[in-house]
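Trainee: Submitted below is the structure of interest, expressed as structure tokens.
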Amino acid sequence: MNAPTYNFAYLDEQTKRMIRRAILKAIAIPGYQVPFASREMPMPYGWGTGGVQVTAAILGPIDKLKVIDQGSDDTTNAISIRKFFEKTAGVAVTTSTGDATVIQTRHRIPEATLQAHQVLVYQVPIPEPLRFLEPRETETRRMHALAEYGLMHVKLYEDIARFGHIATSYAYPVKVNARYVMDPSPTPKFDNPKMDNCAALQLFGAGREKRIYAIPPYTSVVSLDFEDHPFEPYKHKACCALCNAEDSYLDEIVTDNKGSRMFVCSDTDYCETRQSQGHRGSENAAPYAESANA
Amino acid sequence: MLDVTANSGHRAAPVPASDEPLLVAANLGKSYGRLAACRDVSFELYSGEVLAIVGESGSGKSTLLQILSGQLASTTGSVAYRMRDGVTRDLATMGEAERRFLFRTDWGFVHQDPAMGLRMAVSAGANVGERLMAVGHNHYGKIRDTASSWLERVEISPERIDDAPRTYSGGMRQRLQIARNLVTEPRLVFMDEPTGGLDVSVQARLLDMMRTLVSELGLSAIVVTHDLAVARLLSHRVMVMQGGRVIETGLTDQVLDDPREPYTQLLVSSILPA
């Protein structure tokens with residue numbers, strides 16, 4: 001009978017206003033981490049409470065929402081967040097990157113180029129790029145304020161000294177708008193170039209750490225590197241076993257106990273779109289082959 | 001270049017680039033309520049000069065060093081520093097960004113405890129290279145070469161460039177800390193008990209190395225120490241502090257061999273004969 005009734009998109013209007021103010025400030029200062037009064041959400045920390053709050057604050061009734069987790073539309077995290085907004089906001093949901101107006105993501109940027117009318121919302125576990133080098137939050141804030149980023153290169157130096165190349169493969173530090181060094185959330189560094197000069201607005205929400213930051217459309221995002229060890233996006237030397245794509249980020253899937261493995265697109269929507277266009281990979285049988293035999 | 005000091009046993013201050021003092025402290029004082037940690041300290045430091053501040057613990061030496069290096073605001077008085085462009089400026093009027101920049105380029109600060117001055121978890125090479133990267137050096141190979149040549153200068157085998165200072169001995173850590181500070185070729189180095197906590201043979205080696213570096217690079221230094229032997233070996237001038245005041249100041253040999261104040265006489269005579 002008395003089923004709980006929620007405000008549109010779960011959060012109350014005052015909370016949304018508070019989050020929107022933080023978002024506006026974040027957009028005004030690209031890459032700067034704006035503190036906000038993060039709320040408890042009906043999901044555990046680490047499951048995207050920051051991203052969900054940002055999405056809730058920007059979502060309108062006519063929006064079309066897509067949620068991905070490591071590029072995939074059909075993992076637990078993605079499905080539960082999608083259902084959450086279907087239930088609390090009643091918005092239309094989609095798995096197609098092109099159709100969506102708001103895309104909430106955990107650790108991937110879709111392969112399809114984002115458009116100006118789209119907003120990409122990242123779930124961020126640790127927003128502070130300097131955290132593991134300088135544990136004092138007071139000190140890192142001062143370093144951001146004074147643009148003292150020598151320490152970030154110390155991390156990259158350590159990588160080269162130990163492994164012979166920059167071994168950081170995700171959460172690769174970037175400099176936004178030639179000012180703030182930012183952690184792009186644990187996206188693979190393959191995705192870093194997509195952030196640069198992107199047409200879509202990119203918002204980052206960290207729920208546990210209570211920070212929001214943003215990259216406005218068409219903002220320069222430069223991955224940090226050394227002159228003699230330039231930034232290189234990493235990718236497996238293979239093509240997708242299902243759609244034969246050569247330009248997408250691949251997941252490695254172990255298929256048995258004998259060391260066999262296959263590589264497939266991490267972005268499921270991209271892969272499915274390509275398959276429906278008739279692209280076939282090595283592991284993908286011809287369509288309806290079984291039913292033809294039967 | 002004419003170098004008359006190279007093979008002689010005596011040290012002499014290199015010819016100063018300018019007649020103006022490098023650092024001027026005027027009427028410095030710091031009080032915590034009614035407790036005066038340091039009162040009415042004035043002196044001038046010229047480039048190439050090494051000044052030792054000696055005194056027992058609690059005499060205000062370290063407080064003074066922190067004020068001089070801009071880490072602590074003084075209650076009274078001012079510190080002026082002649083910048084690389086030749087303009088002498090009051091530290092208090094500088095912005096924080098400028099002061100911090102000065103601190104990691106033109107100055108060095110050697111802590112008593114190397115763990116405070118080093119990043120213990122990152123390699124020695126990165127420790128030395130950090131200052132270079134902080135001022136915008138962006139070439140891994142060059143940074144590494146510089147780091148390795150500095151390790152050699154402080155008598156650490158370049159083979160250990162990729163080891164973390166955690167794995168170093170106390171003496172090596174202290175030498176690494178010195179290399180890390182000197183890599184940007186500062187003109188002024190502050191040292192807070194640089195030989196504290198090291199055993200005697202390691203102390204001797206460290207002092208010897210510091211003496212060489214100071215004269216080679218024409219560094220100015222302010223060394224806080226309670227060890228008169230350190231003052232005698234390193235410094236040109238000595239300032240004796242007691243209860244927050246400077247009670248005696250003068251040339252090192254003059255003060256240590258012929259102390260005027262009763263307290264200094266006591267301090268000098270309290271050294272155990274070797």
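If you're wondering about the labels, chains in the structure tokens are A, B, ... by order shown, residues count from 1 in each chain, ligands from 1 in order shown.
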Could you build a table of the residues in chain B lying no more than 7 Å from chain A, giving for each the nearest pair of atoms and their separation in Å rounded to one decimal place, using only C-alpha atoms, ordered by chain and ascending residue number, as a tab-separated table?
Mentor:
```
residue	atom	partner	partner_atom	distance
B:Ala97	CA	A:Leu146	CA	5.9
B:Val122	CA	A:Glu158	CA	6.9
B:Ser123	CA	A:Glu158	CA	6.9
B:Ala126	CA	A:Val154	CA	5.8
B:Glu130	CA	A:Val154	CA	6.1
B:Met133	CA	A:Gly150	CA	4.8
B:Ala134	CA	A:Gly150	CA	3.6
B:Asn138	CA	A:Phe226	CA	5.1
B:His139	CA	A:Glu227	CA	5.0
B:Tyr140	CA	A:Phe226	CA	6.0
B:Asp162	CA	A:Ala161	CA	6.5
```
Trainee: Do a neighbour search on Tyr218 of chain A at 8 Å with only C-alpha atoms, toss out local chain neighbours closer than 6 positions, and write the hits as a PyMOL selection string.
Mentor: chain A and resi 196-200
Trainee: Extract, using only C-alpha atoms, all DNA, RNA and protein residues at most 8 Å from Ser148 of chain B, discarding same-chain residues fewer than 2 positions from it, and format them as a list of chain:residue names.
Mentor: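 The residues satisfying every condition are B:Gly125, B:Arg144, B:Asp145, B:Thr146, B:Trp150, B:Leu151, B:Glu152, B:Pro158, B:Ile161.
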Trainee: Output N, CA and C atoms of each residue in that selection to a file, as a PDB file, in the first residue's frame.
Mentor:
```
ATOM      1  N   GLY B 125      67.321   7.709  -7.037  1.00  0.00           N
ATOM      2  CA  GLY B 125      67.360   8.531  -8.244  1.00  0.00           C
ATOM      3  C   GLY B 125      66.202   9.500  -8.297  1.00  0.00           C
ATOM      4  N   ARG B 144      68.187  11.309 -14.899  1.00  0.00           N
ATOM      5  CA  ARG B 144      68.878  10.155 -14.322  1.00  0.00           C
ATOM      6  C   ARG B 144      70.387  10.348 -14.327  1.00  0.00           C
ATOM      7  N   ASP B 145      70.903  10.915 -15.401  1.00  0.00           N
ATOM      8  CA  ASP B 145      72.346  11.173 -15.464  1.00  0.00           C
ATOM      9  C   ASP B 145      72.768  12.137 -14.367  1.00  0.00           C
ATOM     10  N   THR B 146      71.981  13.206 -14.208  1.00  0.00           N
ATOM     11  CA  THR B 146      72.305  14.183 -13.165  1.00  0.00           C
ATOM     12  C   THR B 146      72.262  13.514 -11.801  1.00  0.00           C
ATOM     13  N   TRP B 150      75.337  13.023  -9.116  1.00  0.00           N
ATOM     14  CA  TRP B 150      75.285  13.556  -7.759  1.00  0.00           C
ATOM     15  C   TRP B 150      75.484  12.458  -6.723  1.00  0.00           C
ATOM     16  N   LEU B 151      74.986  11.287  -7.000  1.00  0.00           N
ATOM     17  CA  LEU B 151      75.215  10.181  -6.074  1.00  0.00           C
ATOM     18  C   LEU B 151      76.707   9.916  -5.948  1.00  0.00           C
ATOM     19  N   GLU B 152      77.394   9.997  -7.088  1.00  0.00           N
ATOM     20  CA  GLU B 152      78.839   9.780  -7.058  1.00  0.00           C
ATOM     21  C   GLU B 152      79.526  10.851  -6.224  1.00  0.00           C
ATOM     22  N   PRO B 158      76.657   4.624  -7.789  1.00  0.00           N
ATOM     23  CA  PRO B 158      75.535   4.826  -8.713  1.00  0.00           C
ATOM     24  C   PRO B 158      74.744   3.545  -8.976  1.00  0.00           C
ATOM     25  N   ILE B 161      71.256   3.442  -7.446  1.00  0.00           N
ATOM     26  CA  ILE B 161      70.354   4.540  -7.815  1.00  0.00           C
ATOM     27  C   ILE B 161      68.878   4.125  -7.753  1.00  0.00           C
TER      28      ILE B 161
END
```
Trainee: If you run DSSP on the backbone, which residues of segment 4-188 of chain A are strand (DSSP E or B), as a PyMOL selection string?
Mentor: chain A and resi 7+10+34-35+64-69+72+92-93+102-106+119-123+170+174-176+180-182+188
Trainee: Near Phe204 of chain A, within 9 Å and counting only C-alpha atoms, which residues show up once chain neighbours fewer than 3 positions away are dropped, as a PDB file with C-alpha atoms, in the first residue's frame?
Mentor:
```pdb
ATOM      1  CA  GLY A  50      29.527   9.594  -6.529  1.00  0.00           C
ATOM      2  CA  GLY A  51      28.547   8.959 -10.121  1.00  0.00           C
ATOM      3  CA  VAL A  54      26.000  13.450 -10.205  1.00  0.00           C
ATOM      4  CA  LEU A 120      29.667  11.444 -19.528  1.00  0.00           C
ATOM      5  CA  VAL A 121      29.547  10.804 -15.760  1.00  0.00           C
ATOM      6  CA  TYR A 122      32.476   8.934 -14.222  1.00  0.00           C
ATOM      7  CA  GLN A 123      32.416   6.982 -10.983  1.00  0.00           C
ATOM      8  CA  VAL A 124      35.623   7.830  -9.166  1.00  0.00           C
ATOM      9  CA  PRO A 127      40.012  11.590  -6.957  1.00  0.00           C
ATOM     10  CA  PRO A 184      40.935  10.435 -14.825  1.00  0.00           C
ATOM     11  CA  SER A 185      39.464   7.704 -12.539  1.00  0.00           C
ATOM     12  CA  ARG A 211      34.626  15.446  -4.513  1.00  0.00           C
ATOM     13  CA  ILE A 212      33.286  16.472  -7.894  1.00  0.00           C
ATOM     14  CA  TYR A 213      35.428  17.579 -10.810  1.00  0.00           C
ATOM     15  CA  ALA A 214      34.837  18.169 -14.478  1.00  0.00           C
ATOM     16  CA  ILE A 215      36.268  18.574 -17.935  1.00  0.00           C
TER      17      ILE A 215
END
```
Trainee: Between atom CA of Phe190 of chain A and atom CA of Cys243 of chain A, what is the spacing in Å?
Mentor: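 It comes out at 19.0 Å.
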Trainee: Applying 8 Å and only C-alpha atoms, which residues near Glu193 of chain B remain after dropping the ones on its own chain fewer than 6 positions away? List them as a PDB file with N, CA and C atoms, in the first residue's frame.
Mentor:
```
ATOM      1  N   HIS B 111      67.697  18.080   6.994  1.00  0.00           N
ATOM      2  CA  HIS B 111      67.116  17.766   8.295  1.00  0.00           C
ATOM      3  C   HIS B 111      68.030  16.848   9.086  1.00  0.00           C
ATOM      4  N   GLN B 112      67.861  16.888  10.392  1.00  0.00           N
ATOM      5  CA  GLN B 112      68.623  15.965  11.227  1.00  0.00           C
ATOM      6  C   GLN B 112      68.224  14.525  10.907  1.00  0.00           C
ATOM      7  N   VAL B 223      74.500  26.390   9.709  1.00  0.00           N
ATOM      8  CA  VAL B 223      74.495  25.064  10.321  1.00  0.00           C
ATOM      9  C   VAL B 223      74.134  25.192  11.793  1.00  0.00           C
ATOM     10  N   VAL B 224      73.054  24.549  12.166  1.00  0.00           N
ATOM     11  CA  VAL B 224      72.690  24.511  13.575  1.00  0.00           C
ATOM     12  C   VAL B 224      73.278  23.245  14.176  1.00  0.00           C
ATOM     13  N   THR B 225      73.988  23.372  15.259  1.00  0.00           N
ATOM     14  CA  THR B 225      74.576  22.179  15.850  1.00  0.00           C
ATOM     15  C   THR B 225      74.854  22.397  17.337  1.00  0.00           C
ATOM     16  N   HIS B 226      74.859  21.306  18.064  1.00  0.00           N
ATOM     17  CA  HIS B 226      75.297  21.414  19.447  1.00  0.00           C
ATOM     18  C   HIS B 226      76.710  20.856  19.580  1.00  0.00           C
TER      19      HIS B 226
END
```
Trainee: Could you name the residues that touch Ala36 of chain B at 10 Å or less, counting only C-alpha atoms, but leaving out those on the same chain fewer than 3 positions away, as a PyMOL selection string?
Mentor: chain B and resi 29-33+39+60+75+243-245
Trainee: Between atom CA of Thr49 of chain A and atom CA of Ser248 of chain A, measure the distance and give it in Å to one decimal.
Mentor: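 Going from atom CA of Thr49 of chain A over to atom CA of Ser248 of chain A, I get 27.9 Å.
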Trainee: What is the atom CA of Thr95 of chain A-atom CA of Lys83 of chain A distance in Å, reported with one decimal?
Mentor: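 These two atoms are separated by 12.5 Å.
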Trainee: If you run DSSP on the backbone here, which positions in segment 233-284 of chain A get alpha helix (DSSP H)? Please write them as a PyMOL selection string.
Mentor: chain A and resi 268-276
Trainee: Pick out the closest residue to Arg180 of chain B from this set: B:Val135, B:Leu217, B:Leu118, B:Leu22. Count only C-alpha atoms.
Mentor: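 Once distances to Arg180 of chain B are computed over only C-alpha atoms, the minimum belongs to B:Leu118.
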Trainee: What are the closest atom pairs, with distances in Å to one decimal, for all residues of segment 137-226 of chain A lying within 12 Å of segment 64-74 of chain A? Consider only C-alpha atoms, order rows by chain and residue number, and present the result as CSV.
Mentor:
```
residue,atom,partner,partner_atom,distance
A:Ser185,CA,A:Gln70,CA,11.8
A:Pro186,CA,A:Gln70,CA,9.8
A:Thr187,CA,A:Gln70,CA,8.3
A:Pro188,CA,A:Gln70,CA,9.5
A:Asp191,CA,A:Gly71,CA,11.2
```
Trainee: May I have the residues within 12 Å of Val214 of chain B as a VMD selection string, using only C-alpha atoms and disregarding those fewer than 4 positions away in the same chain?
Mentor: chain B and resid 11 to 14 47 to 51 178 182 185 to 189 207 to 210 218 to 223 233 to 236
Trainee: Next, the residues of the selection above should be written as an mmCIF file, in the first residue's frame with C-alpha atoms.
Mentor:
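Saved the output as out31.cif:
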```cif
data_model
loop_
_atom_site.group_PDB
_atom_site.id
_atom_site.type_symbol
_atom_site.label_atom_id
_atom_site.label_comp_id
_atom_site.auth_asym_id
_atom_site.auth_seq_id
_atom_site.Cartn_x
_atom_site.Cartn_y
_atom_site.Cartn_z
ATOM 1 C CA ARG B 11 89.667 26.953 3.941
ATOM 2 C CA ALA B 12 88.873 30.351 2.643
ATOM 3 C CA ALA B 13 85.617 31.822 1.504
ATOM 4 C CA PRO B 14 85.453 32.097 -2.295
ATOM 5 C CA SER B 47 77.809 34.410 -0.031
ATOM 6 C CA GLY B 48 80.331 31.636 0.394
ATOM 7 C CA GLU B 49 80.200 31.987 4.137
ATOM 8 C CA VAL B 50 79.347 29.207 6.563
ATOM 9 C CA LEU B 51 77.766 30.251 9.828
ATOM 10 C CA ILE B 178 72.493 16.392 0.820
ATOM 11 C CA LEU B 182 72.282 20.357 -3.896
ATOM 12 C CA GLU B 185 72.674 24.249 -7.203
ATOM 13 C CA PRO B 186 71.294 26.273 -4.346
ATOM 14 C CA ARG B 187 73.242 29.236 -3.019
ATOM 15 C CA LEU B 188 72.224 28.786 0.588
ATOM 16 C CA VAL B 189 71.836 25.585 2.572
ATOM 17 C CA LEU B 207 81.850 16.390 7.509
ATOM 18 C CA ASP B 208 84.768 15.916 5.186
ATOM 19 C CA MET B 209 82.420 15.543 2.236
ATOM 20 C CA MET B 210 80.345 18.563 3.223
ATOM 21 C CA GLY B 218 80.916 28.244 -3.060
ATOM 22 C CA LEU B 219 77.837 27.567 -0.959
ATOM 23 C CA SER B 220 76.668 29.641 1.909
ATOM 24 C CA ALA B 221 75.392 27.623 4.791
ATOM 25 C CA ILE B 222 73.785 28.082 8.145
ATOM 26 C CA VAL B 223 74.495 25.064 10.321
ATOM 27 C CA LEU B 233 85.303 21.915 10.926
ATOM 28 C CA LEU B 234 82.645 23.492 8.767
ATOM 29 C CA SER B 235 82.086 27.074 9.688
ATOM 30 C CA HIS B 236 83.812 30.372 9.220
#
```
Trainee: Nearest residue to Tyr180 of chain A out of A:Leu203, A:Val93, A:Ile29, A:Ala57, using only C-alpha atoms?
Mentor: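 Using only C-alpha atoms, Tyr180 of chain A sits closest to A:Ile29.
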Trainee: Choose the residue, out of B:Leu102, B:Asn27, B:Gly58, B:Gly117, that has the smallest atom-to-atom separation from Thr76 of chain B; count only C-alpha atoms.
Mentor: B:Asn27
